[in-house]
Amino acid sequence: MSPKSKGRKRKDGRPGGGRGQGGEVRRLPFVTDGDVTVPTDDDEAGPAAVAAFMADMPVTDDGEPVMSAEEVAQMLADPVGGLIQSLGGAILDVAGGPDPLEAEASSASVLPRLLQVGRYQPERVAADDQPGLPVADVLDRCVADPTPEALALALILAELATDAGLRERAGAVAAQLRTRVEPPAWAPALGRARLVGAWETTDVYGDQANVLCAFDRGPLFGALGLHGLVFLVDFNGPGVWIKDLYPVTEVEAARAELRTAAAESGGAVHFVEPPREEVHDVLAAGLAASLAGQVRLVEPDEDFWDTWVLAAARLRSFAGTAEGWGHSRPDTELERLVTEFCRSAEAAELDVPADLVERYARLVVRYGNEADGGRPLRVGPGKTVSFLAWAAGTFHPEGIASITGAERPTLVAVVGAWNAWAGRRAGLPEDAVEALQLVTDIGIGPGGEILALDGAAVAAVGDGADGADGGDADGPDELPAALARIAEELARAQRSGSRGGGAAAAERRRFAMPYRRAVIDGVRYDGLDPEDEDDLQMLVLGEYPEYQPLLEDPYPSEPLAVGATLHVSLLALAVARVWHDHPAGTWAEAQRLLGLGLERRDVLEILAARAGEQILGPSSSGLGLLVRRATMLSEIGDRPSAADGGRGASRGGTGRSGGWWASGSTGSLAGTGARGYWAPSSTGSRGRASGARKQASGRAASRNDRRVAGPGAGPTSSFRVRVDIVGARPPIWRRLVLPATMTLAEVHLALQLAFGWTDSHLHTFSAGYVDYGNPGDVDGVEDEHDVRLRDVLAAVGDVLAYEYDFGDSWQHRVVVEEILPDGEGTVRCLGGRRAGPPEDCGGIWMYNEIVAALEDPRRAASSDLSEDLEEVLPEMAEMLPYGPAHFDREMVNDRLRRVPVS
């Protein structure tokens, strides 16, 4: 059996539903992404209908359909009875012992659709996506046809249903059925969960918090131990909301990780045990806001939607205060704060008319009072972002006019002064106040747009009117061309050779890159060479673990991932320039900055930003944020050093501290060792990608359709392209020359031969919101035999997406690096890295695990996929006779000679 057909744990090792072996939590076997097959009375039970249901049927860990064709036919013939048998039976299957957590957590992802609550409310989904089976009918049938499955379903509804009346009705049905059907072993402990402890880590600003709630089942069920829920709470929705939510079974370990994250944060994260009533108030308000769709900038994570029903049940098990979360302050107190700020030294330093200072201060106070639970004095990066978006007109109550592009710089200046005044008034550390200032210092784009950062996204907020240009909208589209220019500069630095020798050169290189190993996605890579382009990128990425989940796609579209990709590429260039002292004087400038008290990472930030300005221009969309942030550091670096009586530039002196650009501020359960006070990249993250792998057609289209083409490809032109297998660690790529006249069918053959594929599976290309392939194999595609490469690629930076094997889903990115005006008319390989993966090995994530295990046998024993790896490693070793690091350009070119060119 191939690895892809076997069950896998989550990549991050966290639970996903109910509890199974080793603390893993399992979903109901017929559930896919929180969905469940719910037939309607209109469905027929004929062979065609059965076949249609079987085609979309999820499979078990052994690769078998969770329901047989006979069971599907029975379900279609009797929808209500079929639902009871399938859902109740699945509940019994996953929860066989005395602990009801498996039944509760596994059911939580299914019930919202059945009950039409949360994101399945009728007004939020299409009519044809609604269940069509009233739950009252289901309960009536449970009474009429008492079975163990009916009792299991009634018990779960009595505990987890979101409507109190429905819970009461289900409880009465369950009581009836208990007298006629033997209850499951877990029934006595159901409904007895009680809160026994709550702990949280919160960043120094109070923008976000990780809250761990621990529950037991009372003294009669002490042997069942503890279970918990972790809530990622964000206070800038605007207002409180739950950003993510998931169950844990190892409560003590989770609490220890929270405590460790706080201890290692250098004071940026606090670990506390808050009063339980306050915990209830915050979580209940946040849950209600997330369910009501009140979050304006981002949506809750997918795990939230799988778990919120269980969380709501647990919140019913303990009480909050009578007032609930958030208390508005009286107008007199708000006016007093405005007056106090306007008389402060921070306000006096503003070059802004007094009436505007008062007007904007009043806006800040109103926002804090109405949207932040009556806390106008709380300041933080996330709150600043949310306020700026509110003021820019992205969302606000009626009666508040949007701040126009011309006014926005003044608004941001006042907000910066307010943050400094309120932060110092609240006793924030001075480093935290300075870090907060950077948010507003870089907050205005070249067109007057407000650049917003919130720890999960980097966005340009503005409607494009009144002079605003929409900010970062074109960042993803410009990314491939930007990366190509950065790569050219990096290659130039690498070719320059290392200046000097002896101890001085060794010291310089040791500063530039002191490491030769990197841990990426939990895999350790040893023996990396800073003078190798790909190894250098991995070494830099190893220093920024918060970026690792974002960089599976080398050409992402999400703003945060775009910024992270640019950041890593420019940092690699800065390292290479220092390593080789190219241009001459780079090392001298680094030493000067070190002499001012800057940390190594801050020095590299400055050099990276200067390189970005030089290569891409200071106003390049997508890069502007990084340039502005490091420009601020550069200005700090130009100040007198502390020894000369100046303030210096240290960001806290915590070793690896990157200050404002350090890793996340809320002490994530990933335990990444946060430093500094805030980062736009990882606040509250747990080190996993959210939606990082998407279909490529939209991405390729948005770039290629909107790009202003260069001279274009003529009839005798060729494209020099780099082709990456998305997500490969270390990178797997080929640099090819492809004649512009090639059909996509011929490009398909070239890619197969370049990577050693065997053309044993289906494939598609995507560009310009159009998919191309062989219409005889794939529905809904344009014929690749009729489309030439020059029809879909036109300029440097254009992207063509290629997917091979829809099961393993090998995603390739073809990016134009150069247009060669007088091509030779042949396909050839100029370079590459590493062997292509074997066929049917389980996709890129499994292949990364295989590579790690082949290069370090100890990895196989420690991996979450140890059983899978032990099974497939011998076969993989045979299919990679020269090892995964092997690449033979001459052999690739021998293969490519077989490619016909039209």
# chains A, B, ... in the order shown; residues from 1 in each chain; ligands from 1
>>> select_by_dssp(residues="region 230-397 of chain A", states="helix (DSSP H, G or I)", output="ChimeraX atom specification")
/A:251-263,276-291,302-315,331-342,345-348,354-371,381-391
>>> residues_around(residues="region 742-745 of chain A", least_positions_apart="3", cutoff="10 Å", atoms="only C-alpha atoms", output="list of chain:residue names")
A:Ser718, A:Leu738, A:Pro739, A:His748, A:Leu749, A:Ala750, A:Thr764, A:Phe765, A:Tyr772, A:Gly773, A:Asn774, A:Asp783, A:Glu784, A:His785, A:Asp786, A:Val787, A:Arg788, A:Leu789, A:Arg790, A:Asp791, A:Val792, A:Gly825, A:Thr826, A:Val827, A:Val899, A:Pro900, A:Val901, A:Ser902
>>> write_last_selection(atoms="N, CA, C and O atoms", output="JSON list (two decimals), in the first residue's frame")
[["chain", "number", "residue", "atom", "x", "y", "z"],
["A", 718, "SER", "N", 13.12, 32.23, -27.06],
["A", 718, "SER", "CA", 13.02, 31.16, -26.07],
["A", 718, "SER", "C", 12.89, 31.79, -24.70],
["A", 718, "SER", "O", 13.29, 32.95, -24.48],
["A", 738, "LEU", "N", 13.19, 26.96, -22.95],
["A", 738, "LEU", "CA", 12.04, 26.42, -23.66],
["A", 738, "LEU", "C", 11.69, 27.35, -24.81],
["A", 738, "LEU", "O", 11.40, 28.53, -24.58],
["A", 739, "PRO", "N", 11.72, 26.87, -26.04],
["A", 739, "PRO", "CA", 11.32, 27.70, -27.17],
["A", 739, "PRO", "C", 9.89, 28.21, -27.02],
["A", 739, "PRO", "O", 9.00, 27.46, -26.57],
["A", 748, "HIS", "N", 4.74, 19.81, -21.36],
["A", 748, "HIS", "CA", 4.44, 18.71, -20.44],
["A", 748, "HIS", "C", 5.49, 17.61, -20.56],
["A", 748, "HIS", "O", 6.02, 17.12, -19.55],
["A", 749, "LEU", "N", 5.81, 17.23, -21.77],
["A", 749, "LEU", "CA", 6.81, 16.19, -21.95],
["A", 749, "LEU", "C", 8.17, 16.64, -21.43],
["A", 749, "LEU", "O", 8.90, 15.87, -20.78],
["A", 750, "ALA", "N", 8.53, 17.90, -21.67],
["A", 750, "ALA", "CA", 9.81, 18.42, -21.19],
["A", 750, "ALA", "C", 9.89, 18.37, -19.67],
["A", 750, "ALA", "O", 10.92, 17.99, -19.10],
["A", 764, "THR", "N", -2.39, 18.96, -15.48],
["A", 764, "THR", "CA", -2.99, 20.18, -16.04],
["A", 764, "THR", "C", -1.99, 21.32, -15.93],
["A", 764, "THR", "O", -1.10, 21.30, -15.06],
["A", 765, "PHE", "N", -2.15, 22.31, -16.80],
["A", 765, "PHE", "CA", -1.48, 23.61, -16.68],
["A", 765, "PHE", "C", -2.54, 24.63, -16.28],
["A", 765, "PHE", "O", -3.73, 24.47, -16.60],
["A", 772, "TYR", "N", -5.41, 24.14, -18.78],
["A", 772, "TYR", "CA", -5.07, 23.48, -20.03],
["A", 772, "TYR", "C", -4.66, 22.04, -19.74],
["A", 772, "TYR", "O", -4.08, 21.74, -18.70],
["A", 773, "GLY", "N", -4.96, 21.17, -20.67],
["A", 773, "GLY", "CA", -4.58, 19.78, -20.52],
["A", 773, "GLY", "C", -5.07, 18.99, -21.72],
["A", 773, "GLY", "O", -5.31, 19.54, -22.81],
["A", 774, "ASN", "N", -5.21, 17.70, -21.52],
["A", 774, "ASN", "CA", -5.70, 16.82, -22.57],
["A", 774, "ASN", "C", -7.20, 16.60, -22.34],
["A", 774, "ASN", "O", -7.59, 15.94, -21.37],
["A", 783, "ASP", "N", -7.48, 22.57, -24.82],
["A", 783, "ASP", "CA", -6.57, 21.58, -25.39],
["A", 783, "ASP", "C", -5.14, 22.10, -25.41],
["A", 783, "ASP", "O", -4.83, 23.09, -26.06],
["A", 784, "GLU", "N", -4.26, 21.41, -24.67],
["A", 784, "GLU", "CA", -2.86, 21.84, -24.58],
["A", 784, "GLU", "C", -2.12, 21.72, -25.92],
["A", 784, "GLU", "O", -1.07, 22.34, -26.10],
["A", 785, "HIS", "N", -2.65, 20.95, -26.84],
["A", 785, "HIS", "CA", -2.00, 20.80, -28.14],
["A", 785, "HIS", "C", -2.20, 22.03, -29.01],
["A", 785, "HIS", "O", -1.46, 22.23, -29.98],
["A", 786, "ASP", "N", -3.18, 22.86, -28.66],
["A", 786, "ASP", "CA", -3.50, 24.02, -29.48],
["A", 786, "ASP", "C", -2.95, 25.32, -28.91],
["A", 786, "ASP", "O", -3.19, 26.40, -29.46],
["A", 787, "VAL", "N", -2.25, 25.25, -27.80],
["A", 787, "VAL", "CA", -1.77, 26.46, -27.11],
["A", 787, "VAL", "C", -0.25, 26.42, -27.05],
["A", 787, "VAL", "O", 0.34, 25.41, -26.63],
["A", 788, "ARG", "N", 0.37, 27.51, -27.46],
["A", 788, "ARG", "CA", 1.84, 27.60, -27.43],
["A", 788, "ARG", "C", 2.29, 28.34, -26.18],
["A", 788, "ARG", "O", 1.53, 29.10, -25.56],
["A", 789, "LEU", "N", 3.52, 28.11, -25.82],
["A", 789, "LEU", "CA", 4.05, 28.69, -24.60],
["A", 789, "LEU", "C", 3.97, 30.21, -24.64],
["A", 789, "LEU", "O", 3.68, 30.86, -23.62],
["A", 790, "ARG", "N", 4.21, 30.81, -25.81],
["A", 790, "ARG", "CA", 4.17, 32.27, -25.92],
["A", 790, "ARG", "C", 2.75, 32.81, -25.75],
["A", 790, "ARG", "O", 2.56, 34.01, -25.54],
["A", 791, "ASP", "N", 1.73, 31.93, -25.83],
["A", 791, "ASP", "CA", 0.35, 32.37, -25.61],
["A", 791, "ASP", "C", 0.04, 32.59, -24.14],
["A", 791, "ASP", "O", -0.92, 33.30, -23.81],
["A", 792, "VAL", "N", 0.80, 31.97, -23.25],
["A", 792, "VAL", "CA", 0.51, 32.06, -21.82],
["A", 792, "VAL", "C", 1.61, 32.76, -21.03],
["A", 792, "VAL", "O", 1.41, 33.11, -19.87],
["A", 825, "GLY", "N", 15.98, 27.02, -30.58],
["A", 825, "GLY", "CA", 14.89, 26.16, -30.98],
["A", 825, "GLY", "C", 14.93, 24.78, -30.36],
["A", 825, "GLY", "O", 14.24, 23.86, -30.84],
["A", 826, "THR", "N", 15.72, 24.59, -29.32],
["A", 826, "THR", "CA", 15.81, 23.29, -28.65],
["A", 826, "THR", "C", 15.56, 23.47, -27.16],
["A", 826, "THR", "O", 15.76, 24.55, -26.60],
["A", 827, "VAL", "N", 15.12, 22.39, -26.55],
["A", 827, "VAL", "CA", 14.92, 22.37, -25.11],
["A", 827, "VAL", "C", 16.21, 21.91, -24.45],
["A", 827, "VAL", "O", 16.80, 20.89, -24.86],
["A", 899, "VAL", "N", 12.46, 15.67, -26.87],
["A", 899, "VAL", "CA", 11.28, 16.53, -26.88],
["A", 899, "VAL", "C", 11.14, 17.18, -28.26],
["A", 899, "VAL", "O", 12.04, 17.93, -28.68],
["A", 900, "PRO", "N", 10.04, 16.94, -28.96],
["A", 900, "PRO", "CA", 9.83, 17.64, -30.24],
["A", 900, "PRO", "C", 9.44, 19.08, -30.00],
["A", 900, "PRO", "O", 8.79, 19.40, -28.99],
["A", 901, "VAL", "N", 9.82, 19.97, -30.88],
["A", 901, "VAL", "CA", 9.47, 21.39, -30.77],
["A", 901, "VAL", "C", 8.77, 21.80, -32.05],
["A", 901, "VAL", "O", 9.31, 21.65, -33.14],
["A", 902, "SER", "N", 7.57, 22.31, -31.91],
["A", 902, "SER", "CA", 6.79, 22.72, -33.08],
["A", 902, "SER", "C", 7.37, 23.98, -33.72],
["A", 902, "SER", "O", 7.91, 24.84, -33.02]]
>>> atom_distance(atom1="CA of Pro148 (chain A)", atom2="CA of Gln116 (chain A)")
24.7 Å
>>> closest_residue(among="A:Pro731, A:Arg366, A:Met513, A:Trp421", to="Ser344 (chain A)", atoms="only C-alpha atoms")
A:Trp421
>>> select_by_dssp(residues="region 39-208 of chain A", states="strand (DSSP E or B)", output="list in words")
Val59, Pro65, Arg194, Leu195, Val196, Gly197, Ala198, Trp199, Glu200, Thr201, Thr202, Asp203 and Gln208 of chain A
>>> closest_residue(among="A:Leu155, A:Ala69, A:Ala435, A:Val282", to="Asp372 (chain A)", atoms="only C-alpha atoms")
A:Val282
>>> atom_distance(atom1="CA of Val737 (chain A)", atom2="CA of Ala576 (chain A)")
26.9 Å
>>> residues_around(residues="Arg524 (chain A)", least_positions_apart="2", cutoff="12 Å", atoms="only C-alpha atoms", output="NGL selection string")
:A and (516-522 or 526-528 or 538-539 or 542 or 729-730 or 848-849 or 851-853 or 855-856 or 858-859)
>>> atom_distance(atom1="CA of Glu104 (chain A)", atom2="CA of Val251 (chain A)")
17.4 Å
>>> residues_around(residues="Val309 (chain A)", least_positions_apart="4", cutoff="7 Å", atoms="only C-alpha atoms", output="PyMOL selection string")
chain A and resi 108+160+313
>>> residues_around(residues="Ala417 (chain A)", least_positions_apart="3", cutoff="7 Å", atoms="only C-alpha atoms", output="VMD selection string")
chain A and resid 346 to 347 413 to 414 420 to 421
>>> residues_around(residues="Glu531 (chain A)", least_positions_apart="4", cutoff="8 Å", atoms="only C-alpha atoms", output="VMD selection string")
chain A and resid 494 535 to 536 576
>>> closest_residue(among="A:Ser496, A:Gly780, A:Gly727, A:Met876", to="Gln548 (chain A)", atoms="only C-alpha atoms")
A:Gly727
>>> closest_residue(among="A:Ala426, A:Val80, A:Val233, A:Val365", to="Asp137 (chain A)", atoms="only C-alpha atoms")
A:Val80
